[in-house]
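Report on one structure; see the data block that follows.
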Amino acid sequence: MDRIRVVLVDDQVLFVESLQTVLELRSDDIEVVGTAHNGEEGLEVIRAARPDIVLMDVRMPGMDGVEATRRLHQEHPEIKVVMLTTFDDDVYVREAMQYSAVGYILKNIPATNLINSIRAVRDGTIQLSPSVMHKIVSPETDSEPAVNVGEKARTELHASDFSRREREVLYFLSRGLDNRAIGEKLFIAEQTVKNQISRIYGKIGSHDRFKAAEIARELDIGRYISRED
């Protein structure tokens, strides 16, 4: 199996050095190909190293991890970013996932679990710490009232509102797969997956990937993916 090339971006130098040692000593398929200590430096290292996955801190001096993730996705959408941080602040979580981070993991995770998460991300599965998942599924913010997604799905949306392909995409999206992995499952191009998700967003009235996943689960969309339109 090919080695997973990883870049570490975190302003805590000792943490980066320790994490690099742990990853390389406790796994035989992960290689740290670069390290950086702020967002701007991180982008330079990533451009040069072209890793498979970036473990990105959120709060850093200068350019923070969320902005670095936004810029990286514009330049190299094929590189997967996992936020690895102490903070599970709602705003950081939402913004990071909005900018196509494929994971949000807290630093108190055991080393073995982190290694397994890196492998899962490589294979196309989104990784979230439990407390982060709770914030995404049941957001509570001062600026926007909480929405009972399940109630909205049952009262306003039905499986028949989605085309056959949209239901298939929704199903795999609800299982935590990223766009590339969904495309591989359905034997379609990643851009086609993106187009389908855009249409799904239009129907649910939201550009929130995790709200779409929650609606898919509430509708039990898996029951319908084998049916013809």
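As shown in the structure tokens, the chain order sets the letters A, B, ...; within each chain, residues go from 1, and ligands are also counted from 1 in the order they appear.
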When you look at range 23-26 of chain A with a cut-off of 10 Å (counting only C-alpha atoms), what residues show up, excluding the ones that are within fewer than 3 positions of it in the same chain? I need them as a PDB file with N, CA and C atoms, in the first residue's frame.
ATOM      1  N   VAL A   6       1.759  13.219   4.737  1.00  0.00           N
ATOM      2  CA  VAL A   6       1.067  14.133   5.642  1.00  0.00           C
ATOM      3  C   VAL A   6       1.924  15.368   5.921  1.00  0.00           C
ATOM      4  N   SER A  18       6.541  16.253  18.432  1.00  0.00           N
ATOM      5  CA  SER A  18       6.072  15.035  19.109  1.00  0.00           C
ATOM      6  C   SER A  18       5.114  14.251  18.233  1.00  0.00           C
ATOM      7  N   LEU A  19       4.201  14.959  17.562  1.00  0.00           N
ATOM      8  CA  LEU A  19       3.228  14.294  16.708  1.00  0.00           C
ATOM      9  C   LEU A  19       3.919  13.611  15.537  1.00  0.00           C
ATOM     10  N   GLN A  20       4.895  14.266  14.955  1.00  0.00           N
ATOM     11  CA  GLN A  20       5.626  13.648  13.850  1.00  0.00           C
ATOM     12  C   GLN A  20       6.285  12.351  14.305  1.00  0.00           C
ATOM     13  N   ASP A  29       2.677   3.223   7.491  1.00  0.00           N
ATOM     14  CA  ASP A  29       2.123   3.697   6.223  1.00  0.00           C
ATOM     15  C   ASP A  29       1.890   5.205   6.207  1.00  0.00           C
ATOM     16  N   ILE A  30       2.397   5.919   7.217  1.00  0.00           N
ATOM     17  CA  ILE A  30       2.237   7.376   7.277  1.00  0.00           C
ATOM     18  C   ILE A  30       3.614   8.027   7.274  1.00  0.00           C
ATOM     19  N   GLU A  31       3.792   8.985   6.393  1.00  0.00           N
ATOM     20  CA  GLU A  31       5.058   9.707   6.284  1.00  0.00           C
ATOM     21  C   GLU A  31       4.793  11.209   6.398  1.00  0.00           C
ATOM     22  N   VAL A  32       5.436  11.864   7.372  1.00  0.00           N
ATOM     23  CA  VAL A  32       5.327  13.310   7.511  1.00  0.00           C
ATOM     24  C   VAL A  32       6.311  13.949   6.541  1.00  0.00           C
ATOM     25  N   ALA A 111      -3.434   8.360  20.253  1.00  0.00           N
ATOM     26  CA  ALA A 111      -2.611   8.282  19.047  1.00  0.00           C
ATOM     27  C   ALA A 111      -3.114   7.222  18.072  1.00  0.00           C
ATOM     28  N   THR A 112      -3.498   6.064  18.593  1.00  0.00           N
ATOM     29  CA  THR A 112      -3.991   4.996  17.716  1.00  0.00           C
ATOM     30  C   THR A 112      -5.234   5.429  16.968  1.00  0.00           C
ATOM     31  N   LEU A 114      -6.059   8.515  16.197  1.00  0.00           N
ATOM     32  CA  LEU A 114      -5.688   9.513  15.198  1.00  0.00           C
ATOM     33  C   LEU A 114      -5.118   8.838  13.960  1.00  0.00           C
ATOM     34  N   ILE A 115      -4.280   7.863  14.144  1.00  0.00           N
ATOM     35  CA  ILE A 115      -3.706   7.134  13.009  1.00  0.00           C
ATOM     36  C   ILE A 115      -4.809   6.464  12.195  1.00  0.00           C
ATOM     37  N   ILE A 118      -6.621   9.094  10.154  1.00  0.00           N
ATOM     38  CA  ILE A 118      -5.866   9.486   8.966  1.00  0.00           C
ATOM     39  C   ILE A 118      -6.085   8.465   7.857  1.00  0.00           C
TER      40      ILE A 118
END
Closest atom pairs, residues of range 54-145 of chain A within 7 Å of range 161-185 of chain A, only C-alpha atoms, as JSON lines:
{"residue": "A:Gly124", "atom": "CA", "partner": "A:Ala181", "partner_atom": "CA", "distance": 5.0}
{"residue": "A:Thr125", "atom": "CA", "partner": "A:Leu177", "partner_atom": "CA", "distance": 4.5}
{"residue": "A:Ile126", "atom": "CA", "partner": "A:Gly176", "partner_atom": "CA", "distance": 5.1}
Between CA of Arg5 in chain A and CA of Phe210 in chain A, what distance in Å does the model show, to one decimal? 27.2 Å
Within 10 Å of Val16 in chain A, counting only C-alpha atoms, which residues show up once you throw out same-chain ones fewer than 4 positions away? Write them as a PyMOL selection string, please. chain A and resi 7-12+20-22+35-37
Could you jot down the CA of Ile46 in chain A to CA of Leu72 in chain A separation for me, Å, one decimal place?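 Pair CA of Ile46 in chain A / CA of Leu72 in chain A returns 8.5 Å.
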Would you pick out the contacts of range 74-90 of chain A at 7 Å or less, using only C-alpha atoms, so that residues sharing its chain but fewer than 3 positions from it are not included, and give the list as an NGL selection string? :A and (51-58 or 69-71 or 93-94 or 101-107 or 132 or 135)
Counting only C-alpha atoms, the residue of A:Ile4, A:Met97, A:Ala159, A:Ile188 that sits nearest Glu218 in chain A: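 Nearest candidate to Glu218 in chain A out of A:Ile4, A:Met97, A:Ala159, A:Ile188: A:Ala159.
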